[in-house]
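Student: Contents of my_file26.txt (compact mmCIF, C-alpha atoms) are given next:
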# COMPACT_ATOMS: atom_id res chain seq x y z
CA MET A 266 143.89 7.87 113.57
CA ALA A 267 141.03 6.41 115.58
CA LEU A 268 137.56 6.10 114.10
CA SER A 269 135.15 8.84 115.13
CA ALA A 270 131.86 8.08 116.86
CA THR A 271 130.03 8.58 113.57
CA GLU A 272 132.39 6.24 111.76
CA ILE A 273 132.00 3.59 114.45
CA ALA A 274 128.22 3.88 114.05
CA ASP A 275 128.65 3.44 110.29
CA LEU A 276 130.88 0.41 110.87
CA ARG A 277 128.31 -1.10 113.23
CA THR A 278 125.63 -0.61 110.57
CA ALA A 279 127.85 -2.28 107.99
CA ARG A 280 128.59 -5.20 110.29
CA ASN A 281 124.91 -5.76 111.04
CA LEU A 282 124.14 -5.83 107.33
CA LEU A 283 127.00 -8.11 106.35
CA GLU A 284 126.87 -10.64 109.17
CA ASN A 285 123.08 -11.00 109.34
CA PRO A 286 121.86 -11.20 105.74
CA GLY A 287 118.71 -13.19 106.62
CA LEU A 288 117.48 -13.63 103.04
CA ALA A 289 116.25 -17.18 103.60
CA ALA A 290 114.22 -16.12 106.65
CA ARG A 291 112.62 -13.22 104.77
CA LEU A 292 111.77 -15.46 101.83
CA SER A 293 110.24 -18.03 104.20
CA SER A 294 108.12 -15.30 105.77
CA LEU A 295 106.96 -14.13 102.35
CA VAL A 296 105.89 -17.53 101.05
CA GLY A 297 104.50 -18.66 104.40
CA ALA A 298 106.60 -21.81 104.54
CA PRO A 299 110.17 -22.73 105.44
CA ILE A 300 112.46 -22.25 102.47
CA GLU A 301 113.43 -25.91 102.87
CA ALA A 302 109.97 -26.79 101.59
CA GLY A 303 110.84 -25.05 98.36
CA PHE A 304 114.14 -26.90 98.10
CA ARG A 305 112.23 -30.19 98.32
CA ARG A 306 110.06 -29.10 95.41
CA LEU A 307 113.03 -28.36 93.18
CA PRO A 308 113.67 -31.23 90.75
CA GLU A 309 117.20 -32.59 90.90
CA SER A 310 117.76 -31.63 87.28
CA LEU A 311 117.13 -27.98 88.13
CA HIS A 312 120.16 -27.66 90.39
CA GLY A 313 122.49 -27.78 87.41
CA ALA A 314 120.32 -25.25 85.61
CA ILE A 315 120.55 -22.89 88.60
CA ILE A 316 124.34 -23.10 88.62
CA ALA A 317 124.45 -22.51 84.86
CA ALA A 318 122.08 -19.54 85.12
CA ALA A 319 124.13 -18.08 87.97
CA ARG A 320 127.35 -18.35 85.96
CA LYS A 321 125.76 -16.84 82.86
CA SER A 322 124.43 -13.99 84.99
CA ILE A 323 127.86 -13.30 86.48
CA GLU A 324 129.42 -13.33 83.01
CA LYS A 325 126.84 -10.79 81.83
CA ALA A 326 127.30 -8.75 85.00
CA LEU A 327 131.07 -8.65 84.46
CA ALA A 328 130.50 -7.29 80.97
CA VAL A 329 128.20 -4.62 82.40
CA ALA A 330 130.78 -3.74 85.04
CA LEU A 331 133.65 -3.44 82.59
CA LEU A 332 131.94 -1.88 79.60
CA THR A 333 129.46 0.59 81.07
CA MET A 334 130.58 1.69 84.53
CA ASP A 335 133.74 3.52 83.52
CA ARG A 336 131.70 6.66 82.84
CA ASP A 337 130.10 6.70 86.29
CA GLY A 338 132.91 8.38 88.26
CA CYS A 339 132.24 8.86 91.97
CA GLY A 340 129.98 10.77 94.34
CA GLY A 341 126.22 11.33 94.34
CA GLU A 342 123.32 9.63 96.03
CA ALA A 343 122.34 6.02 95.41
CA SER A 344 118.98 5.81 93.61
CA ASN A 345 118.01 2.29 94.62
CA TRP A 346 114.24 2.58 94.34
CA TRP A 347 113.97 2.40 90.55
CA HIS A 348 116.37 -0.54 90.42
CA LYS A 349 114.08 -2.31 92.87
CA VAL A 350 111.06 -1.56 90.68
CA ALA A 351 112.86 -2.86 87.59
CA VAL A 352 113.98 -6.08 89.30
CA GLY A 353 110.47 -6.52 90.66
CA ALA A 354 109.12 -6.29 87.12
CA THR A 355 111.47 -9.02 85.91
CA GLY A 356 110.41 -11.09 88.92
CA ALA A 357 106.77 -10.67 87.94
CA THR A 358 107.62 -12.21 84.58
CA GLY A 359 109.31 -15.09 86.34
CA GLY A 360 106.28 -15.46 88.60
CA VAL A 361 104.02 -15.89 85.58
CA PHE A 362 106.21 -18.38 83.72
CA GLY A 363 107.69 -20.14 86.75
CA LEU A 364 111.15 -21.57 87.22
CA SER A 365 111.47 -22.25 83.50
CA ALA A 366 112.01 -18.50 83.04
CA LEU A 367 114.97 -18.37 85.45
CA ALA A 368 117.62 -18.60 82.72
CA ILE A 369 116.09 -15.58 80.99
CA GLU A 370 115.04 -13.53 84.01
CA LEU A 371 118.13 -13.96 86.19
CA PRO A 372 120.75 -12.33 83.90
CA VAL A 373 118.48 -9.31 83.45
CA SER A 374 117.81 -9.01 87.19
CA THR A 375 121.50 -9.44 87.97
CA ALA A 376 122.56 -6.70 85.56
CA ILE A 377 120.04 -4.31 87.12
CA MET A 378 121.21 -5.25 90.61
CA LEU A 379 124.79 -4.56 89.61
CA ARG A 380 123.84 -1.07 88.47
CA SER A 381 122.20 -0.54 91.86
CA ILE A 382 125.33 -1.79 93.63
CA ALA A 383 127.39 0.60 91.49
CA ASP A 384 125.16 3.48 92.62
CA ILE A 385 125.82 2.50 96.23
CA ALA A 386 129.57 2.23 95.57
CA ARG A 387 129.65 5.67 93.98
CA SER A 388 127.70 7.17 96.90
CA GLN A 389 130.39 5.83 99.25
CA GLY A 390 133.19 7.49 97.29
CA GLU A 391 134.29 4.71 94.92
CA ASP A 392 135.68 5.92 91.59
CA LEU A 393 134.08 3.58 89.08
CA ARG A 394 136.47 4.66 86.36
CA HIS A 395 138.96 2.27 87.97
CA PRO A 396 138.66 -1.45 87.12
CA ASP A 397 139.20 -2.53 90.74
CA ALA A 398 136.23 -0.47 91.93
CA ARG A 399 134.02 -2.03 89.26
CA LEU A 400 135.18 -5.51 90.19
CA GLN A 401 134.35 -4.73 93.81
CA CYS A 402 130.76 -4.21 92.66
CA LEU A 403 130.81 -7.65 91.09
CA GLN A 404 132.27 -9.11 94.29
CA VAL A 405 129.20 -7.96 96.22
CA LEU A 406 127.22 -10.63 94.34
CA ALA A 407 129.35 -13.21 96.17
CA LEU A 408 128.50 -11.89 99.64
CA GLY A 409 125.87 -13.49 101.83
CA GLY A 410 126.17 -16.91 100.21
CA GLN A 411 128.62 -19.66 101.18
CA SER A 412 130.01 -21.94 98.51
CA LYS A 413 130.26 -25.66 99.23
CA GLY A 414 133.99 -25.40 99.83
CA ASP A 415 133.66 -22.81 102.59
CA ASP A 416 134.59 -23.61 106.17
CA PRO A 417 131.48 -22.78 108.26
CA ALA A 418 133.77 -21.48 111.00
CA GLU A 419 135.18 -18.92 108.56
CA ALA A 420 132.02 -17.74 106.87
CA GLY A 421 132.05 -14.08 107.87
CA TYR A 422 132.44 -11.03 105.68
CA PHE A 423 136.21 -10.69 105.94
CA ALA A 424 136.66 -14.42 105.32
CA ALA A 425 134.60 -14.11 102.14
CA ARG A 426 136.67 -11.13 101.03
CA ALA A 427 139.89 -12.99 101.72
CA ALA A 428 138.68 -15.97 99.69
CA LEU A 429 138.02 -13.72 96.71
CA ALA A 430 140.90 -11.27 97.14
CA LYS A 431 143.41 -13.01 94.89
CA ALA A 432 140.91 -13.54 92.08
CA VAL A 433 139.77 -9.90 92.23
CA SER A 434 143.36 -8.62 92.34
CA GLU A 435 144.50 -10.76 89.40
CA ALA A 436 141.46 -9.79 87.33
CA ALA A 437 142.02 -6.10 88.07
CA GLU A 438 145.70 -6.41 87.14
CA HIS A 439 144.80 -8.18 83.89
CA LEU A 440 142.29 -5.48 82.98
CA ALA A 441 144.72 -2.69 83.81
CA ARG A 442 147.34 -4.22 81.52
CA LYS A 443 145.26 -5.60 78.67
CA GLY A 444 141.72 -4.35 79.07
CA LEU A 445 138.84 -6.56 78.00
CA THR A 446 140.75 -7.99 75.06
CA ARG A 447 140.20 -11.63 75.98
CA LYS A 448 136.94 -12.57 77.66
CA GLY A 449 138.30 -16.05 78.28
CA ALA A 450 141.43 -14.81 80.05
CA PRO A 451 142.25 -17.14 82.97
CA ALA A 452 142.15 -14.29 85.52
CA LEU A 453 138.61 -13.36 84.49
CA VAL A 454 137.48 -16.98 84.31
CA ARG A 455 138.71 -17.62 87.87
CA LEU A 456 136.87 -14.59 89.17
CA ILE A 457 133.64 -15.55 87.40
CA THR A 458 133.88 -19.11 88.74
CA GLN A 459 134.40 -18.03 92.35
CA VAL A 460 131.72 -15.35 92.35
CA ALA A 461 129.22 -17.61 90.56
CA ALA A 462 129.75 -20.41 93.10
CA ARG A 463 128.67 -18.13 95.94
CA PHE A 464 126.00 -16.31 93.96
CA SER A 465 124.35 -19.61 93.04
CA VAL A 466 123.70 -20.30 96.75
CA VAL A 467 121.53 -17.19 96.99
CA VAL A 468 119.94 -17.91 93.60
CA SER A 469 119.00 -21.36 94.92
CA GLN A 470 117.18 -19.72 97.83
CA LYS A 471 115.30 -17.50 95.39
CA ALA A 472 114.41 -20.49 93.19
CA ALA A 473 113.24 -22.46 96.23
CA ALA A 474 110.92 -19.61 97.20
CA GLN A 475 109.55 -19.50 93.67
CA ALA A 476 108.92 -23.25 93.85
CA VAL A 477 106.46 -22.77 96.72
CA PRO A 478 103.01 -22.01 95.26
CA VAL A 479 102.32 -18.38 96.19
CA LEU A 480 100.97 -15.40 94.30
CA GLY A 481 101.99 -15.78 90.66
CA ALA A 482 103.29 -12.53 89.18
CA LEU A 483 102.90 -10.61 92.44
CA GLY A 484 104.76 -13.32 94.31
CA GLY A 485 107.58 -13.29 91.76
CA ALA A 486 107.87 -9.51 92.04
CA ALA A 487 107.95 -9.68 95.85
CA ILE A 488 110.60 -12.42 95.82
CA ASN A 489 112.78 -10.37 93.48
CA ALA A 490 112.31 -7.29 95.66
CA LEU A 491 113.77 -9.25 98.58
CA PHE A 492 116.51 -10.56 96.28
CA ILE A 493 117.69 -7.06 95.35
CA ASP A 494 117.19 -5.86 98.94
CA HIS A 495 119.70 -8.49 100.01
CA PHE A 496 122.37 -7.37 97.56
CA GLN A 497 121.73 -3.68 98.18
CA ASP A 498 122.34 -4.39 101.87
CA MET A 499 125.52 -6.34 101.06
CA GLY A 500 126.67 -3.51 98.80
CA ARG A 501 125.98 -0.84 101.37
CA GLY A 502 127.87 -2.73 104.07
CA HIS A 503 130.81 -3.55 101.80
CA PHE A 504 131.31 -0.04 100.50
CA ILE A 505 130.92 1.58 103.91
CA ILE A 506 133.82 -0.58 105.02
CA ARG A 507 135.83 0.26 101.90
CA ARG A 508 135.27 3.98 102.57
CA LEU A 509 136.49 3.61 106.14
CA GLU A 510 139.49 1.57 104.98
CA ARG A 511 140.55 4.34 102.63
CA ILE A 512 140.72 6.65 105.65
CA HIS A 513 141.98 4.38 108.43
CA GLY A 514 143.52 1.37 106.69
CA HIS A 515 142.36 -2.21 106.38
CA GLU A 516 143.83 -3.53 109.62
CA GLU A 517 142.37 -0.83 111.86
CA VAL A 518 138.91 -1.18 110.37
CA ARG A 519 139.04 -4.96 110.65
CA ARG A 520 140.17 -4.71 114.26
CA MET A 521 137.27 -2.42 115.14
CA TYR A 522 134.87 -4.62 113.17
CA GLY A 523 135.92 -7.57 115.33
CA GLU A 524 135.50 -5.58 118.53
CA LEU A 525 131.92 -4.75 117.60
CA GLY A 526 131.05 -8.45 117.42
Turn this file's structure into structure tokens for me.
Tutor:
Amino acid sequence: MALSATEIADLRTARNLLENPGLAARLSSLVGAPIEAGFRRLPESLHGAIIAAARKSIEKALAVALLTMDRDGCGGEASNWWHKVAVGATGATGGVFGLSALAIELPVSTAIMLRSIADIARSQGEDLRHPDARLQCLQVLALGGQSKGDDPAEAGYFAARAALAKAVSEAAEHLARKGLTRKGAPALVRLITQVAARFSVVVSQKAAAQAVPVLGALGGAAINALFIDHFQDMGRGHFIIRRLERIHGHEEVRRMYGELG
């Protein structure tokens, strides 16, 4: 069955969101300087701390996804505004204390963002009682950021999904069979590693923006507002496509997605 005009419009919206994330440009506009200036201000020792904070945040987010979302079901409107306020508040704290607060602020912000992504997923018909749907929320945190091993020629949305597909599938299968009985299960560790590698790219952009002297607490709040905006956009695009795939199948939606390019 062919996509309707409304569905094609939805797919075009999703494609625009997923293929043009533009977080770095928006951060540069906010701080009034190219984001590269912030990268130059980051001490070399901080890069390892960013990766560690990103991984810790993904581990915490996975726990949120698996332990709290099973009661969410499906349907209803996404209430993104209060999540944005909450993430902005954590960003204000980071703005006051600087990059040293990243390890504390980031896991909190990430957990709130994941709840916002779950709201979006539910509004697009995902049943969050199923482990795969919850893991799809976690996967959104890997969108819009290339890991170092990515081929630049294959950096689009479907390429990112393909790169993560096996890890998501194996983790979902493990959870369906054994539940969250072993946090260190290889399937879960692989998923955390792959998502964290991509998430850390976007976290680095956020940290670089925070490294540019701006507005203290207000600047930190504004940076975090853009941070959650980015992942809300990625979530909206991803779950629009998932909704269309449930109706028309993966191949048909991907074909139409390519034709819209």
Student: How big is the axis-aligned box, and where does its centre sit, when it encloses all atoms of stretch 495-499 of chain A listed in the file and has 4 Å added on every side, reported in Å to one decimal as lines of an AutoDock Vina configuration file?
Tutor:
center_x = 122.6
center_y = -6.1
center_z = 99.7
size_x = 13.8
size_y = 12.8
size_z = 12.3
Student: Using Å and a single decimal, report how far atom CA of A:Glu391 sits from atom CA of A:Ala289.
Tutor: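 Here the two named atoms are 29.7 Å from each other.
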Student: Using atom CA of A:Gly297 and atom CA of A:Ala487 as the two end points, give the distance in Å to one decimal.
Tutor: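 Spanning atom CA of A:Gly297 to atom CA of A:Ala487 is a straight-line distance of 12.9 Å.
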Student: Restricting the calculation to all atoms listed in the file: of A:Ala430, A:Ser322, A:Leu453, A:Glu510, which residue gets closest to A:Ser374?
Tutor: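 Smallest separation from A:Ser374 among the options: A:Ser322.
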Student: If we draw a sphere of 12 Å around (118.6, -25.9, 84.3), which residues have at least one atom in it when counting all atoms listed in the file? Please report them as a list in words.
Tutor: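 The residues near that point, listed by chain and number, are Leu307, Pro308, Glu309, Ser310, Leu311, His312, Gly313, Ala314, Ile315, Ile316, Ala317, Ala318, Ala319, Arg320, Lys321, Leu364, Ser365, Ala366, Leu367, Ala368, Ile369, Ser469 and Ala472 of chain A.
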Student: Take the point (130.9, -3.0, 92.0) in the file's coordinates, draw a sphere of radius 8 Å around it, and report as a ChimeraX atom specification every protein, DNA or RNA residue with an atom inside or on it, counting only C-alpha atoms.
Tutor: /A:330,379,382-383,386,393,398-405
Student: Which is closer to A:Ala441 than all the others in A:Gly523, A:Leu268, A:His395, A:Ser388, using all atoms listed in the file?
Tutor: A:His395
Student: Counting only C-alpha atoms, which of A:Ala424, A:Ala474, A:Leu327, A:Ala490 gets nearest to A:Ala437?
Tutor: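 Closest candidate: A:Leu327.
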Student: So the first atom is atom CA of A:Gly287 and the second is atom CA of A:Phe423; what is the distance between them in Å, to one decimal place?
Tutor: 17.7 Å
Student: So which one's closest to A:Ile377, A:Arg426, A:Lys325, A:Lys443, A:Arg520? Using all atoms listed in the file, please.
Tutor: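 Going through A:Arg426, A:Lys325, A:Lys443, A:Arg520 one by one, the smallest distance to A:Ile377 is for A:Lys325.
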Student: Find, counting only C-alpha atoms, the residue in A:Ile506, A:Ile493, A:Val454, A:Leu440 that gets nearest to A:Leu406.
Tutor: A:Ile493
Student: With all atoms listed in the file as the counted atoms, please give the residues lying no more than 10 Å from A:Arg291, apart from itself and same-chain residues fewer than 4 positions off, as number ranges by chain.
Tutor: A: 286-287, 295-297, 299-300, 488, 491-492, 495
Student: Kindly export the residues of the current selection with C-alpha atoms, as a PDB file, in the coordinates of the input.
Tutor:
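Below is the file out.pdb, written as the result:
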ATOM      1  CA  PRO A 286     121.860 -11.200 105.740  1.00  0.00           C
ATOM      2  CA  GLY A 287     118.710 -13.190 106.620  1.00  0.00           C
ATOM      3  CA  LEU A 295     106.960 -14.130 102.350  1.00  0.00           C
ATOM      4  CA  VAL A 296     105.890 -17.530 101.050  1.00  0.00           C
ATOM      5  CA  GLY A 297     104.500 -18.660 104.400  1.00  0.00           C
ATOM      6  CA  PRO A 299     110.170 -22.730 105.440  1.00  0.00           C
ATOM      7  CA  ILE A 300     112.460 -22.250 102.470  1.00  0.00           C
ATOM      8  CA  ILE A 488     110.600 -12.420  95.820  1.00  0.00           C
ATOM      9  CA  LEU A 491     113.770  -9.250  98.580  1.00  0.00           C
ATOM     10  CA  PHE A 492     116.510 -10.560  96.280  1.00  0.00           C
ATOM     11  CA  HIS A 495     119.700  -8.490 100.010  1.00  0.00           C
TER      12      HIS A 495
END
Student: Between A:Glu324, A:Leu331, A:Gly421, A:Asp392, which residue has the minimum interatomic distance to A:Leu456, considering only C-alpha atoms?
Tutor: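 Closest to A:Leu456, using only C-alpha atoms: A:Glu324.
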Student: So that I can see what lies close to stretch 497-503 of chain A, please list as a ChimeraX atom specification the residues with an atom at most 7 Å from it, counting only C-alpha atoms and leaving out residues fewer than 6 positions away in the same chain.
Tutor: /A:279-280,282-283,382,385,405,408
Student: Could you add whatever atoms are missing so that stretch 319-332 of chain A carries N, CA and C atoms, then write the result as a PDB file, in the frame of the given file?
Tutor:
ATOM      1  N   ALA A 319     123.341 -18.974  87.115  1.00  0.00           N
ATOM      2  CA  ALA A 319     124.130 -18.080  87.970  1.00  0.00           C
ATOM      3  C   ALA A 319     125.431 -17.688  87.266  1.00  0.00           C
ATOM      4  N   ARG A 320     126.087 -18.657  86.653  1.00  0.00           N
ATOM      5  CA  ARG A 320     127.350 -18.350  85.960  1.00  0.00           C
ATOM      6  C   ARG A 320     127.116 -17.422  84.771  1.00  0.00           C
ATOM      7  N   LYS A 321     126.076 -17.707  83.999  1.00  0.00           N
ATOM      8  CA  LYS A 321     125.760 -16.840  82.860  1.00  0.00           C
ATOM      9  C   LYS A 321     125.476 -15.422  83.332  1.00  0.00           C
ATOM     10  N   SER A 322     124.775 -15.312  84.451  1.00  0.00           N
ATOM     11  CA  SER A 322     124.430 -13.990  84.990  1.00  0.00           C
ATOM     12  C   SER A 322     125.676 -13.237  85.427  1.00  0.00           C
ATOM     13  N   ILE A 323     126.621 -13.945  86.052  1.00  0.00           N
ATOM     14  CA  ILE A 323     127.860 -13.300  86.480  1.00  0.00           C
ATOM     15  C   ILE A 323     128.691 -12.880  85.269  1.00  0.00           C
ATOM     16  N   GLU A 324     128.704 -13.700  84.236  1.00  0.00           N
ATOM     17  CA  GLU A 324     129.420 -13.330  83.010  1.00  0.00           C
ATOM     18  C   GLU A 324     128.836 -12.052  82.412  1.00  0.00           C
ATOM     19  N   LYS A 325     127.501 -11.989  82.359  1.00  0.00           N
ATOM     20  CA  LYS A 325     126.840 -10.790  81.830  1.00  0.00           C
ATOM     21  C   LYS A 325     127.109  -9.589  82.730  1.00  0.00           C
ATOM     22  N   ALA A 326     127.069  -9.834  84.049  1.00  0.00           N
ATOM     23  CA  ALA A 326     127.300  -8.750  85.000  1.00  0.00           C
ATOM     24  C   ALA A 326     128.721  -8.207  84.873  1.00  0.00           C
ATOM     25  N   LEU A 327     129.685  -9.098  84.640  1.00  0.00           N
ATOM     26  CA  LEU A 327     131.070  -8.650  84.460  1.00  0.00           C
ATOM     27  C   LEU A 327     131.180  -7.752  83.233  1.00  0.00           C
ATOM     28  N   ALA A 328     130.488  -8.129  82.172  1.00  0.00           N
ATOM     29  CA  ALA A 328     130.500  -7.290  80.970  1.00  0.00           C
ATOM     30  C   ALA A 328     129.905  -5.919  81.258  1.00  0.00           C
ATOM     31  N   VAL A 329     128.808  -5.899  82.017  1.00  0.00           N
ATOM     32  CA  VAL A 329     128.200  -4.620  82.400  1.00  0.00           C
ATOM     33  C   VAL A 329     129.189  -3.787  83.209  1.00  0.00           C
ATOM     34  N   ALA A 330     129.845  -4.449  84.163  1.00  0.00           N
ATOM     35  CA  ALA A 330     130.780  -3.740  85.040  1.00  0.00           C
ATOM     36  C   ALA A 330     131.937  -3.137  84.251  1.00  0.00           C
ATOM     37  N   LEU A 331     132.439  -3.878  83.290  1.00  0.00           N
ATOM     38  CA  LEU A 331     133.650  -3.440  82.590  1.00  0.00           C
ATOM     39  C   LEU A 331     133.368  -2.506  81.429  1.00  0.00           C
ATOM     40  N   LEU A 332     132.204  -2.634  80.826  1.00  0.00           N
ATOM     41  CA  LEU A 332     131.940  -1.880  79.600  1.00  0.00           C
ATOM     42  C   LEU A 332     131.085  -0.642  79.799  1.00  0.00           C
TER      43      LEU A 332
END
